[in-house]
Structures are given as C-alpha cells and as structure tokens.
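Enquirer: entry_27.tsv is the file, holding TSV, C-alpha atoms (C1' of nucleotides):
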chain	number	residue	atom	x	y	z
A	30	MET	CA	-5.01	28.58	32.20
A	31	LYS	CA	-8.67	27.71	31.68
A	32	ILE	CA	-10.25	26.49	28.51
A	33	LYS	CA	-11.72	29.81	27.44
A	34	GLU	CA	-8.41	31.57	27.39
A	35	VAL	CA	-6.72	28.67	25.65
A	36	SER	CA	-9.45	28.67	23.06
A	37	GLU	CA	-8.98	32.36	22.40
A	38	ARG	CA	-5.20	32.32	22.41
A	39	MET	CA	-4.92	29.29	20.16
A	40	SER	CA	-7.97	29.99	17.99
A	41	VAL	CA	-9.38	26.56	18.62
A	42	SER	CA	-12.94	26.19	19.86
A	43	GLN	CA	-13.57	24.91	23.36
A	44	ASP	CA	-15.52	22.05	21.88
A	45	THR	CA	-12.61	21.10	19.70
A	46	LEU	CA	-10.20	21.25	22.62
A	47	ARG	CA	-12.40	18.90	24.61
A	48	TYR	CA	-12.88	16.71	21.57
A	49	TYR	CA	-9.13	16.44	20.94
A	50	GLU	CA	-8.62	15.42	24.52
A	51	LYS	CA	-11.43	12.89	24.40
A	52	ILE	CA	-9.94	11.09	21.41
A	53	HIS	CA	-6.43	11.41	22.89
A	54	LEU	CA	-5.13	13.65	20.14
A	55	ILE	CA	-3.59	15.64	22.98
A	56	PRO	CA	-2.51	14.16	26.32
A	57	SER	CA	-5.15	14.55	28.99
A	58	VAL	CA	-5.14	17.89	30.76
A	59	LYS	CA	-4.83	18.22	34.56
A	60	ARG	CA	-7.95	19.24	36.45
A	61	ASN	CA	-8.32	21.35	39.56
A	62	ALA	CA	-10.20	20.19	42.65
A	63	SER	CA	-13.58	20.84	41.04
A	64	GLY	CA	-12.76	19.01	37.83
A	65	ILE	CA	-12.02	22.03	35.68
A	66	ARG	CA	-9.18	21.84	33.16
A	67	GLU	CA	-6.02	23.78	33.98
A	68	TYR	CA	-3.82	23.94	30.88
A	69	THR	CA	-0.06	24.06	31.33
A	70	THR	CA	2.39	25.54	28.84
A	71	GLU	CA	3.23	22.01	27.78
A	72	ASP	CA	-0.42	21.44	26.96
A	73	LEU	CA	-0.33	24.59	24.87
A	74	GLN	CA	2.70	23.30	23.00
A	75	TRP	CA	0.89	20.11	22.21
A	76	ILE	CA	-2.09	22.04	20.96
A	77	ALA	CA	0.14	24.22	18.80
A	78	PHE	CA	1.86	21.16	17.37
A	79	ILE	CA	-1.37	19.36	16.64
A	80	LYS	CA	-2.91	22.47	15.18
A	81	CYS	CA	0.01	22.89	12.82
A	82	MET	CA	-0.01	19.26	11.73
A	83	ARG	CA	-3.77	19.26	11.26
A	84	ALA	CA	-3.58	22.46	9.23
A	85	ALA	CA	-1.39	20.56	6.79
A	86	GLY	CA	-3.93	17.77	6.68
A	87	LEU	CA	-2.14	15.06	8.64
A	88	SER	CA	-4.63	12.49	9.79
A	89	ILE	CA	-5.90	12.46	13.33
A	90	ASP	CA	-5.17	8.75	13.43
A	91	ALA	CA	-1.45	9.13	12.81
A	92	LEU	CA	-1.21	11.97	15.30
A	93	CYS	CA	-3.10	10.02	17.96
A	94	GLU	CA	-0.65	7.20	17.53
A	95	TYR	CA	2.25	9.62	17.90
A	96	VAL	CA	0.81	11.05	21.10
A	97	ARG	CA	0.16	7.58	22.46
A	98	LEU	CA	3.76	6.53	21.82
A	99	TYR	CA	5.10	9.75	23.27
A	100	GLN	CA	3.31	9.02	26.51
A	101	GLU	CA	4.83	5.57	26.65
A	102	GLY	CA	8.28	7.09	26.95
A	103	ASP	CA	11.76	6.60	25.55
A	104	ALA	CA	11.26	3.05	24.38
A	105	THR	CA	9.09	4.30	21.52
A	106	THR	CA	11.36	6.87	19.87
A	107	LYS	CA	12.01	4.69	16.85
A	108	GLN	CA	8.32	4.15	16.21
A	109	ARG	CA	7.66	7.84	16.64
A	110	MET	CA	10.38	8.68	14.14
A	111	GLN	CA	8.83	6.24	11.72
A	112	ILE	CA	5.51	8.05	12.00
A	113	LEU	CA	7.25	11.36	11.34
A	114	TYR	CA	9.04	9.93	8.30
A	115	ASP	CA	5.82	8.46	6.95
A	116	GLN	CA	3.85	11.61	7.47
A	117	ARG	CA	6.58	13.70	5.88
A	118	GLU	CA	6.30	11.56	2.80
A	119	VAL	CA	2.52	11.83	2.75
A	120	LEU	CA	2.92	15.58	2.99
A	121	GLN	CA	5.48	15.75	0.21
A	122	LYS	CA	3.35	13.61	-2.08
A	123	ARG	CA	0.36	15.78	-1.45
A	124	MET	CA	2.34	18.93	-2.09
A	125	GLU	CA	3.51	17.53	-5.40
A	126	ALA	CA	-0.09	16.81	-6.40
A	127	MET	CA	-1.02	20.33	-5.44
A	128	HIS	CA	1.84	21.73	-7.43
A	129	THR	CA	0.64	19.83	-10.49
A	130	THR	CA	-2.84	21.18	-10.00
A	131	LEU	CA	-1.54	24.67	-9.48
A	132	LYS	CA	0.25	24.50	-12.83
A	133	LYS	CA	-2.92	23.29	-14.55
A	134	LEU	CA	-4.89	26.03	-12.89
A	135	ASN	CA	-2.40	28.60	-14.10
A	136	GLU	CA	-2.57	27.26	-17.63
A	137	LYS	CA	-6.32	27.48	-17.54
A	138	ILE	CA	-6.18	31.02	-16.24
A	139	ARG	CA	-3.68	32.02	-18.93
A	140	HIS	CA	-5.99	30.51	-21.48
A	141	TYR	CA	-8.89	32.60	-20.24
A	142	GLU	CA	-6.74	35.71	-20.14
A	143	GLN	CA	-5.71	35.25	-23.75
A	144	GLU	CA	-9.26	34.66	-24.87
A	145	THR	CA	-10.32	37.88	-23.23
A	146	CYS	CA	-7.60	39.76	-25.11
A	147	LEU	CA	-9.01	38.86	-28.51
B	5	MET	CA	-17.41	4.44	-23.88
B	6	LYS	CA	-19.39	2.81	-21.05
B	7	ILE	CA	-18.99	3.46	-17.37
B	8	LYS	CA	-16.90	0.40	-16.60
B	9	GLU	CA	-14.18	1.31	-19.04
B	10	VAL	CA	-14.18	4.92	-17.93
B	11	SER	CA	-13.92	3.82	-14.33
B	12	GLU	CA	-10.92	1.64	-15.14
B	13	ARG	CA	-9.17	4.13	-17.39
B	14	MET	CA	-9.59	7.05	-15.03
B	15	SER	CA	-9.26	5.12	-11.77
B	16	VAL	CA	-12.52	6.51	-10.46
B	17	SER	CA	-15.18	4.16	-9.14
B	18	GLN	CA	-18.41	3.78	-11.06
B	19	ASP	CA	-20.28	4.92	-7.98
B	20	THR	CA	-18.19	8.06	-7.83
B	21	LEU	CA	-18.73	8.77	-11.52
B	22	ARG	CA	-22.47	8.53	-11.07
B	23	TYR	CA	-22.27	10.54	-7.88
B	24	TYR	CA	-20.30	13.32	-9.57
B	25	GLU	CA	-22.89	13.49	-12.30
B	26	LYS	CA	-25.76	13.49	-9.83
B	27	ILE	CA	-24.40	16.50	-7.99
B	28	HIS	CA	-23.44	18.18	-11.28
B	29	LEU	CA	-19.74	18.12	-10.60
B	30	ILE	CA	-19.44	16.99	-14.20
B	31	PRO	CA	-21.91	17.90	-16.96
B	32	SER	CA	-24.52	15.23	-17.51
B	33	VAL	CA	-23.45	12.39	-19.75
B	34	LYS	CA	-25.41	11.41	-22.91
B	35	ARG	CA	-27.34	8.18	-22.76
B	36	ASN	CA	-28.06	5.63	-25.47
B	37	ALA	CA	-31.57	4.48	-26.37
B	38	SER	CA	-31.79	2.26	-23.30
B	39	GLY	CA	-30.61	4.87	-20.86
B	40	ILE	CA	-27.03	3.71	-20.53
B	41	ARG	CA	-24.28	6.32	-20.25
B	42	GLU	CA	-22.04	6.78	-23.27
B	43	TYR	CA	-19.03	8.87	-22.29
B	44	THR	CA	-17.45	11.12	-24.92
B	45	THR	CA	-13.84	12.28	-24.92
B	46	GLU	CA	-15.06	15.62	-23.66
B	47	ASP	CA	-16.65	13.86	-20.69
B	48	LEU	CA	-13.32	12.20	-20.03
B	49	GLN	CA	-11.59	15.56	-20.08
B	50	TRP	CA	-14.03	16.88	-17.53
B	51	ILE	CA	-13.42	13.88	-15.34
B	52	ALA	CA	-9.66	14.32	-15.62
B	53	PHE	CA	-9.95	18.00	-14.76
B	54	ILE	CA	-12.18	17.36	-11.77
B	55	LYS	CA	-10.02	14.51	-10.59
B	56	CYS	CA	-6.95	16.72	-10.69
B	57	MET	CA	-8.64	19.58	-8.85
B	58	ARG	CA	-10.13	17.28	-6.24
B	59	ALA	CA	-6.74	15.62	-5.69
B	60	ALA	CA	-5.45	19.03	-4.66
B	61	GLY	CA	-8.38	19.41	-2.29
B	62	LEU	CA	-10.46	22.01	-4.12
B	63	SER	CA	-13.99	21.93	-2.78
B	64	ILE	CA	-16.75	20.22	-4.69
B	65	ASP	CA	-18.83	23.34	-4.20
B	66	ALA	CA	-16.47	25.63	-6.06
B	67	LEU	CA	-16.03	23.11	-8.85
B	68	CYS	CA	-19.77	22.60	-9.21
B	69	GLU	CA	-20.18	26.32	-9.56
B	70	TYR	CA	-17.50	26.38	-12.24
B	71	VAL	CA	-19.19	23.60	-14.18
B	72	ARG	CA	-22.55	25.31	-13.86
B	73	LEU	CA	-21.16	28.56	-15.23
B	74	TYR	CA	-19.34	26.76	-18.02
B	75	GLN	CA	-22.61	25.29	-19.18
B	76	GLU	CA	-24.22	28.71	-19.25
B	77	GLY	CA	-21.79	29.77	-21.95
B	78	ASP	CA	-19.63	32.75	-22.85
B	79	ALA	CA	-21.45	35.26	-20.72
B	80	THR	CA	-19.93	33.70	-17.61
B	81	THR	CA	-16.21	33.75	-18.43
B	82	LYS	CA	-15.47	36.51	-15.94
B	83	GLN	CA	-17.17	34.68	-13.12
B	84	ARG	CA	-15.36	31.50	-14.05
B	85	MET	CA	-12.03	33.28	-14.01
B	86	GLN	CA	-12.86	34.65	-10.60
B	87	ILE	CA	-13.42	31.13	-9.33
B	88	LEU	CA	-10.08	30.07	-10.76
B	89	TYR	CA	-8.32	33.04	-9.17
B	90	ASP	CA	-9.96	32.34	-5.82
B	91	GLN	CA	-9.16	28.68	-5.90
B	92	ARG	CA	-5.58	29.36	-6.90
B	93	GLU	CA	-5.23	31.51	-3.85
B	94	VAL	CA	-6.80	28.88	-1.62
B	95	LEU	CA	-4.33	26.40	-3.04
B	96	GLN	CA	-1.35	28.67	-2.54
B	97	LYS	CA	-2.33	29.42	1.04
B	98	ARG	CA	-2.71	25.77	1.77
B	99	MET	CA	0.65	24.97	0.23
B	100	GLU	CA	2.28	27.62	2.37
B	101	ALA	CA	0.73	26.09	5.48
B	102	MET	CA	2.00	22.71	4.39
B	103	HIS	CA	5.44	24.09	3.78
B	104	THR	CA	5.48	25.50	7.30
B	105	THR	CA	4.42	22.16	8.69
B	106	LEU	CA	7.01	20.36	6.62
B	107	LYS	CA	9.72	22.53	8.10
B	108	LYS	CA	8.49	21.84	11.62
B	109	LEU	CA	8.35	18.14	10.84
B	110	ASN	CA	11.93	18.23	9.59
B	111	GLU	CA	13.07	20.05	12.70
B	112	LYS	CA	11.41	17.45	14.85
B	113	ILE	CA	12.99	14.66	12.85
B	114	ARG	CA	16.41	16.27	13.11
B	115	HIS	CA	15.89	16.56	16.83
B	116	TYR	CA	15.14	12.86	17.12
B	117	GLU	CA	18.09	11.97	14.94
B	118	GLN	CA	20.47	13.94	17.17
B	119	GLU	CA	19.07	12.36	20.31
B	120	THR	CA	19.65	8.92	18.86
B	121	CYS	CA	23.31	9.81	18.20
B	122	LEU	CA	24.02	10.35	21.89
C	30	DG	C1'	-35.22	-18.92	-22.85
C	31	DA	C1'	-32.26	-19.02	-19.06
C	32	DT	C1'	-27.99	-17.63	-17.27
C	33	DT	C1'	-24.45	-14.29	-16.76
C	34	DG	C1'	-22.66	-9.88	-16.50
C	35	DA	C1'	-23.16	-4.77	-17.11
C	36	DC	C1'	-25.94	-1.01	-16.23
C	37	DT	C1'	-29.77	1.70	-13.94
C	38	DT	C1'	-31.97	4.13	-9.79
C	39	DG	C1'	-32.99	5.74	-5.14
C	40	DG	C1'	-31.78	5.63	-0.89
C	41	DA	C1'	-29.25	4.00	3.14
C	42	DG	C1'	-24.82	3.75	5.47
C	43	DC	C1'	-20.29	5.26	6.70
C	44	DA	C1'	-15.92	7.70	8.15
C	45	DG	C1'	-13.80	11.79	9.49
C	46	DA	C1'	-13.90	15.80	12.02
C	47	DC	C1'	-16.05	18.48	14.24
C	48	DT	C1'	-20.19	21.28	16.42
C	49	DC	C1'	-24.10	21.85	19.16
C	50	DC	C1'	-27.07	21.05	23.03
C	51	DA	C1'	-29.19	20.07	27.56
C	52	DG	C1'	-28.73	19.65	32.09
C	53	DA	C1'	-25.68	19.80	35.93
C	54	DT	C1'	-22.07	22.00	38.64
C	55	DG	C1'	-18.70	25.66	39.70
C	56	DT	C1'	-17.19	30.73	40.30
C	57	DT	C1'	-17.57	35.65	40.68
C	58	DA	C1'	-19.63	40.03	41.51
C	59	DT	C1'	-23.16	42.76	43.59
D	23	DA	C1'	-27.90	34.66	48.05
D	24	DT	C1'	-29.00	35.38	43.60
D	25	DA	C1'	-27.81	36.63	39.03
D	26	DA	C1'	-24.63	36.01	35.44
D	27	DC	C1'	-21.22	33.60	33.56
D	28	DA	C1'	-17.80	29.51	32.92
D	29	DT	C1'	-17.22	24.83	32.85
D	30	DC	C1'	-18.46	19.99	32.85
D	31	DT	C1'	-20.46	15.59	30.53
D	32	DG	C1'	-22.65	12.50	27.28
D	33	DG	C1'	-24.73	12.17	23.37
D	34	DA	C1'	-26.98	13.83	19.25
D	35	DG	C1'	-26.56	16.40	14.96
D	36	DT	C1'	-24.03	18.19	10.84
D	37	DC	C1'	-21.31	18.37	6.82
D	38	DT	C1'	-18.44	16.39	3.23
D	39	DG	C1'	-17.62	12.99	0.15
D	40	DC	C1'	-18.11	9.07	-0.94
D	41	DT	C1'	-19.58	3.82	-0.86
D	42	DC	C1'	-22.76	0.15	-0.70
D	43	DC	C1'	-27.05	-2.15	-1.56
D	44	DA	C1'	-31.39	-3.89	-3.44
D	45	DA	C1'	-34.25	-4.36	-6.98
D	46	DG	C1'	-34.89	-3.73	-11.54
D	47	DT	C1'	-33.51	-3.38	-16.76
D	48	DC	C1'	-30.46	-4.46	-20.69
D	49	DA	C1'	-27.29	-7.24	-23.65
D	50	DA	C1'	-24.75	-11.20	-25.07
D	51	DT	C1'	-24.10	-16.14	-24.90
D	52	DC	C1'	-25.10	-21.05	-24.52
Could you render the structure as structure tokens?
Expert:
Amino acid sequence: MKIKEVSERMSVSQDTLRYYEKIHLIPSVKRNASGIREYTTEDLQWIAFIKCMRAAGLSIDALCEYVRLYQEGDATTKQRMQILYDQREVLQKRMEAMHTTLKKLNEKIRHYEQETCL
Amino acid sequence: MKIKEVSERMSVSQDTLRYYEKIHLIPSVKRNASGIREYTTEDLQWIAFIKCMRAAGLSIDALCEYVRLYQEGDATTKQRMQILYDQREVLQKRMEAMHTTLKKLNEKIRHYEQETCL
DNA sequence: GATTGACTTGGAGCAGACTCCAGATGTTAT
DNA sequence: ATAACATCTGGAGTCTGCTCCAAGTCAATC
C-alpha cells in the first residue's frame, strides 16, 4: 500500500508518516525498486499503535525508545516492559490531574448556573 | 506579595508569571510606586485557576479568552459559560482517548507478562 | 557609597511536533 | 510522448509555550 492510501485510511498526513519514519518513531518502511514506500499490514499496525499512544499524549521520545528496543529483538523485552510501566504511570497521573480539573470546571459551571437562576 | 514569593508558593517560575501576564492569561497585576508587581490574593487565585486548567492541557487561547471576558464584566457571563462548556467537552474527549490508550497499554503489558511466564 | 540581591523590560533562543515547499523522479492515462 | 498526478528528499517555516539573557532600576545592608 502506498503512502496516499495509508494517509487516508489512518488519517495521518503523508508528511507526518514520513516524519515519523525519519525520526524512527515507526520502523523504516520497505521501498519498491524505484524507492517508493510500500506499507505492509505490520507497518499499519505500528502506525495505529503510535497514533493511539500519541493521542493520549505519550512522548515521542519514549515511543522511539520502545520502537528501537523492539527492533533489537527478544533480549530487550524487560526494558520494553519498563517503558510500558512508566508510561502507564505517566498516563494515570495525567488522568488524575485532568479529573481534578474536570471537577473544578464543573464547580465553576454550577456556580455560573446558580447565578443565572437568581 | 512580590514575584519571588508568588513563584515559590505557587511553583511557577517568575518568567512564566511575567509571561502569563504579558499574554493576558492572567489579569494584569498592580504595581507599586517603582513599578514592581504586588500580587493580591485575587491574583493568586487566578494563578491557581490557570495553573490547574493548564495542567489538564486546556489551551492558553481559550483561557485568555475567558480572562478577557471576565474583565469585561457581567455582560459576558453567557460567553464565559460557553467556554467552560466547550472546554469541559474537550477535556472529556481527551480523557476518553486516554482511557482507550490505557486499556491498550494494559493489554500490551499483560501480553508481555504472559510471554515472560513461558 | 558601594555591594548585593530582587525586580524590570524587550527580545532572543529553544524544544516538541509537525507542516510546507521546491525541485527531482516515478507512474498512469490518453 | 506529454499531461497530470504521486512520490521522493532535504531543509526551511510554523506554532505553542515557555525559558534565558542582557542591561537597567530599585532596595537594603555594611
């Protein structure tokens, strides 16, 4: 599958796809004889994974490291797990902060709603 | 209260405090005769509010708009509420995305943990 | 009155994460 | 074979949100 189709199917711009590959946020994609990217389903899975993690705000740095380790093979499973554990915690912390904010926001809204009722 | 103390008490750098004021993310702070900022408790409340909202990732733009409207007075309550409603939705959407990612992350972790048990 | 430390400003610099562009090459349809 | 479109690359530009710096003013102390 060529980059245009991937871009459309995954809702990621072509530029971003190339950028992600350049910085090794996804493993490098095979090329055909004339140097054009041919994405495999595995590539698509990587993109989906990265997209999901990025949507939650995980840093590109941590994800790059994960991809790097993945490509090194079985010897790195422990380190990869550690990254996952760490990132899970980051995520949980951030969600807690957001929950706190959400409560404050709701209080504020309730306050406004009461004022309006006067 | 001077900027140093505020910075320490609120854990926000002096540069950031000045920056927030410059871009009107907080209302402008009163100065003494020689031009030095004297923060009131109301200023501190604004800083706390902004800090909380920013920690959850609300955009500076939306918050600036809120502050601007606040300073215009009672005529803007509806518009301010709208901002709060909008931002609450943004926040909820983001939290949902994070929840999805968290589940995926947990699946992945479980997968690794099972592999290691072999 | 000279040093020390806090505060001021404007503007430059930076990191993260894209996004855009120009110029070259490849592919497809008529 | 020529137009029209897709893809490639390297590098520049953009946006957000700070962060740092220099050069100057202010305040308290020795």
Enquirer: Just to confirm, what's the straight-line distance from atom C1' of DG55 of chain C to atom CA of Gln74 of chain A in Å (one decimal)?
Expert: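 Result for atom C1' of DG55 of chain C versus atom CA of Gln74 of chain A: 27.2 Å, one decimal.
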Enquirer: How far is it from atom CA of Cys56 of chain B to atom CA of Met127 of chain A, in Å with one decimal?
Expert: 8.7 Å
Enquirer: Quick one: which chain A residues come within 10 Å of chain D, and what is the nearest atom pair for each with the distance in Å to one decimal, counting only C-alpha atoms (C1' of nucleotides), rows ordered by chain and ascending number, as JSON lines?
Expert:
{"residue": "A:Lys31", "atom": "CA", "partner": "D:DT29", "partner_atom": "C1'", "distance": 9.1}
{"residue": "A:Ile32", "atom": "CA", "partner": "D:DT29", "partner_atom": "C1'", "distance": 8.4}
{"residue": "A:Lys33", "atom": "CA", "partner": "D:DA28", "partner_atom": "C1'", "distance": 8.2}
{"residue": "A:Ser63", "atom": "CA", "partner": "D:DC30", "partner_atom": "C1'", "distance": 9.6}
{"residue": "A:Gly64", "atom": "CA", "partner": "D:DC30", "partner_atom": "C1'", "distance": 7.6}
{"residue": "A:Ile65", "atom": "CA", "partner": "D:DT29", "partner_atom": "C1'", "distance": 6.5}
{"residue": "A:Arg66", "atom": "CA", "partner": "D:DT29", "partner_atom": "C1'", "distance": 8.6}
Enquirer: Between atom CA of Lys137 of chain A and atom CA of Met124 of chain A, what is the distance in Å, rounded to a tenth?
Expert: 19.7 Å
Enquirer: Using only C-alpha atoms (C1' of nucleotides), determine which residues lie at most 12 Å from Gln121 of chain A, disregarding the query and same-chain residues fewer than 2 positions distant; provide the list as a ChimeraX atom specification.
Expert: /A:85-87,114-119,123-128 /B:99,102-103,105-107,109-110
Enquirer: Just want the 8 Å neighbourhood of Ser36 of chain A, counted on all atoms listed in the file, with same-chain residues fewer than 6 positions away dropped. Output as JSON, numbers by chain.
Expert: {"A": [42, 43, 46]}
Enquirer: Pick out the closest residue to chain C from this set: A:Glu136, A:Asp90, A:Glu37, A:Glu144. Count all atoms listed in the file.
Expert: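 The shortest atom-to-atom distance to chain C comes from A:Asp90.
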Enquirer: I'd like a table as a Markdown table: residues in chain C with an atom no more than 10 Å from chain A, each row giving the shortest atom pair and its distance in Å to one decimal, all atoms listed in the file counted, sorted by chain and rising residue number.
Expert:
| residue | atom | partner | partner_atom | distance |
| --- | --- | --- | --- | --- |
| C:DG45 | C1' | A:Ile89 | CA | 8.8 |
| C:DA46 | C1' | A:Ile89 | CA | 8.8 |
| C:DC47 | C1' | A:Thr45 | CA | 7.0 |
| C:DT48 | C1' | A:Asp44 | CA | 7.2 |
| C:DC49 | C1' | A:Asp44 | CA | 9.0 |
| C:DT54 | C1' | A:Ser63 | CA | 8.9 |
| C:DG55 | C1' | A:Ser63 | CA | 7.2 |
Enquirer: Counting all atoms listed in the file, what is within 12 Å of Lys82 of chain B, bar same-chain residues fewer than 6 positions away, as JSON, numbers by chain?
Expert: {"A": [138, 141, 142, 144, 145], "B": [70, 73, 74, 88, 89]}
Enquirer: Do you know which residues are at most 7 Å from segment 67-70 of chain A counting only C-alpha atoms (C1' of nucleotides), after dropping those on the same chain fewer than 4 positions away, and could you put them as a ChimeraX atom specification?
Expert: /A:30-31,58-61,74
Enquirer: How would the residues just chosen look if you wrote them out with C-alpha atoms as a PDB file, in the coordinates of the input?
Expert:
ATOM      1  CA  MET A  30      -5.010  28.580  32.200  1.00  0.00           C
ATOM      2  CA  LYS A  31      -8.670  27.710  31.680  1.00  0.00           C
ATOM      3  CA  VAL A  58      -5.140  17.890  30.760  1.00  0.00           C
ATOM      4  CA  LYS A  59      -4.830  18.220  34.560  1.00  0.00           C
ATOM      5  CA  ARG A  60      -7.950  19.240  36.450  1.00  0.00           C
ATOM      6  CA  ASN A  61      -8.320  21.350  39.560  1.00  0.00           C
ATOM      7  CA  GLN A  74       2.700  23.300  23.000  1.00  0.00           C
TER       8      GLN A  74
END
Enquirer: Between A:Gln143, A:Thr129, A:Gln100, A:Ser57, which residue has the minimum interatomic distance to chain B, considering only C-alpha atoms?
Expert: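 Among A:Gln143, A:Thr129, A:Gln100, A:Ser57, it is A:Thr129 that comes nearest to chain B.
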Enquirer: Considering all atoms listed in the file, can you say which of A:Arg139, A:Arg38, A:His53, A:Arg97 comes closest to chain B?
Expert: A:Arg139
